[in-house]
Amino acid sequence: MTMRGLRYLLTGMLSLLAMTTTTVFDSTVPASAAVGRVVVQPCTGKAEVRPSRFVISCGDGNSYLTKLKWTAWGATSAKASAVYTANSCDPYCAAGKFASSDAAVTLSAPKTLKGRRFFTALHVGYVSGAKFKSFNFALLT
């Protein structure tokens with residue numbers, strides 16, 4: 001399969017994800033008013049609902065999500081399309097190159113911490129070269 005074909009495949013998968021999602025969010029409620037909602041805590045330390053940007057590698061900023069477009073934000077999971085950017089760290093991170101690709105993002109495994117509900121699991125699926133890749137990342141561990 002060609003790179004162009006893989007891009008079309010990923011775009012189709014993201015579209016299907018958006019169409020099949022059954023949980024709907026109320027876009028009129030600002031993040032600051034979301035006390036009872038499940039939130040995510042990015043590197044900023046501030047709990048957020050539907051952030052537009054999310055740094056995954058808090059220590060060095062070598063991987064992050066931008067242009068997050070949330071299709072669902074519910075009590076058990078949240079789903080979005082995004083752009084995933086990561087440093088190759090080759091031959092080492094300071095000399096590495098950043099590459100970006102479209103991604104499908106899922107937040108899940110909500111837990112109550114200090115009286116608030118937080119998503120504690122992040123899953124990212126993306127295309128790298130000619131391969132579809134994915135990873136899981138534990139949040140608030």
# chains A, B, ... in the order shown; residues from 1 in each chain; ligands from 1

$ residues_around --residues "region 95-102 of chain A" --least-positions-apart "2" --cutoff "9 Å" --atoms "only C-alpha atoms" --output "ChimeraX atom specification"
/A:7,10-11,62-63,81-93,104,125-128

$ atom_distance --atom1 "CA of Glu48 (chain A)" --atom2 "CA of Ala138 (chain A)"
16.7 Å

$ residues_around --residues "region 37-40 of chain A" --least-positions-apart "4" --cutoff "10 Å" --atoms "only C-alpha atoms" --output "PDB file with C-alpha atoms, in the first residue's frame"
ATOM      1  CA  ALA A  31     -13.970  23.912  30.910  1.00  0.00           C
ATOM      2  CA  ALA A  33     -17.620  25.072  34.711  1.00  0.00           C
ATOM      3  CA  GLY A  45      -1.168  20.821  35.903  1.00  0.00           C
ATOM      4  CA  LYS A  46      -4.586  22.384  35.258  1.00  0.00           C
ATOM      5  CA  ALA A  47      -7.496  19.963  34.822  1.00  0.00           C
ATOM      6  CA  GLU A  48      -9.190  20.470  31.459  1.00  0.00           C
ATOM      7  CA  VAL A  49     -12.191  19.341  29.443  1.00  0.00           C
ATOM      8  CA  ARG A  50     -11.540  18.974  25.687  1.00  0.00           C
ATOM      9  CA  PRO A  51      -8.066  20.568  25.517  1.00  0.00           C
ATOM     10  CA  PHE A  54      -1.787  18.033  24.972  1.00  0.00           C
ATOM     11  CA  TRP A  73     -16.494  13.459  25.921  1.00  0.00           C
ATOM     12  CA  GLY A  74     -18.394  11.151  28.229  1.00  0.00           C
ATOM     13  CA  ALA A  75     -18.300   9.612  31.691  1.00  0.00           C
ATOM     14  CA  THR A  76     -16.129   6.642  30.630  1.00  0.00           C
ATOM     15  CA  SER A  77     -14.175   7.804  27.575  1.00  0.00           C
ATOM     16  CA  ALA A  78     -13.369  10.684  25.252  1.00  0.00           C
ATOM     17  CA  LEU A 107      -8.968   8.884  26.812  1.00  0.00           C
ATOM     18  CA  SER A 108     -10.364   6.259  29.200  1.00  0.00           C
ATOM     19  CA  PRO A 110     -11.574   7.429  34.736  1.00  0.00           C
ATOM     20  CA  LYS A 111     -10.639   7.428  38.423  1.00  0.00           C
ATOM     21  CA  THR A 112     -11.479   9.718  41.297  1.00  0.00           C
ATOM     22  CA  ARG A 116     -12.410  14.896  40.911  1.00  0.00           C
ATOM     23  CA  ARG A 117     -12.815  12.355  38.110  1.00  0.00           C
ATOM     24  CA  PHE A 118      -9.745  12.143  35.843  1.00  0.00           C
ATOM     25  CA  PHE A 119      -9.087  10.095  32.725  1.00  0.00           C
ATOM     26  CA  THR A 120      -6.008   7.994  33.511  1.00  0.00           C
ATOM     27  CA  ALA A 121      -5.336   6.261  30.176  1.00  0.00           C
ATOM     28  CA  LEU A 122      -4.412   7.729  26.792  1.00  0.00           C
ATOM     29  CA  LEU A 139      -1.837   9.521  32.928  1.00  0.00           C
ATOM     30  CA  LEU A 140      -1.546  10.665  36.553  1.00  0.00           C
TER      31      LEU A 140
END

$ residues_around --residues "Val55 (chain A)" --least-positions-apart "6" --cutoff "7 Å" --atoms "only C-alpha atoms" --output "list in words"
Pro42, Cys43, Gly61, Ser63, Tyr64 and Leu65 of chain A

$ write_last_selection --atoms "N, CA and C atoms" --output "CSV table (one decimal), in the first residue's frame"
chain,number,residue,atom,x,y,z
A,42,PRO,N,-3.2,17.7,31.7
A,42,PRO,CA,-2.0,17.7,30.9
A,42,PRO,C,-0.8,18.3,31.7
A,43,CYS,N,0.3,18.4,31.1
A,43,CYS,CA,1.5,18.9,31.8
A,43,CYS,C,1.4,20.2,32.5
A,61,GLY,N,9.1,17.3,26.4
A,61,GLY,CA,8.2,17.8,25.3
A,61,GLY,C,8.5,17.2,23.9
A,63,SER,N,7.0,14.6,22.6
A,63,SER,CA,5.8,14.1,21.9
A,63,SER,C,4.6,14.8,22.4
A,64,TYR,N,3.8,15.2,21.5
A,64,TYR,CA,2.6,16.0,21.9
A,64,TYR,C,1.5,15.9,20.8
A,65,LEU,N,0.3,16.3,21.2
A,65,LEU,CA,-0.9,16.3,20.3
A,65,LEU,C,-1.4,17.7,20.2

$ select_by_dssp --residues "region 19-133 of chain A" --states "strand (DSSP E)" --output "number ranges by chain"
A: 54-55, 63-73, 78-87, 98-113, 116-128, 131-133
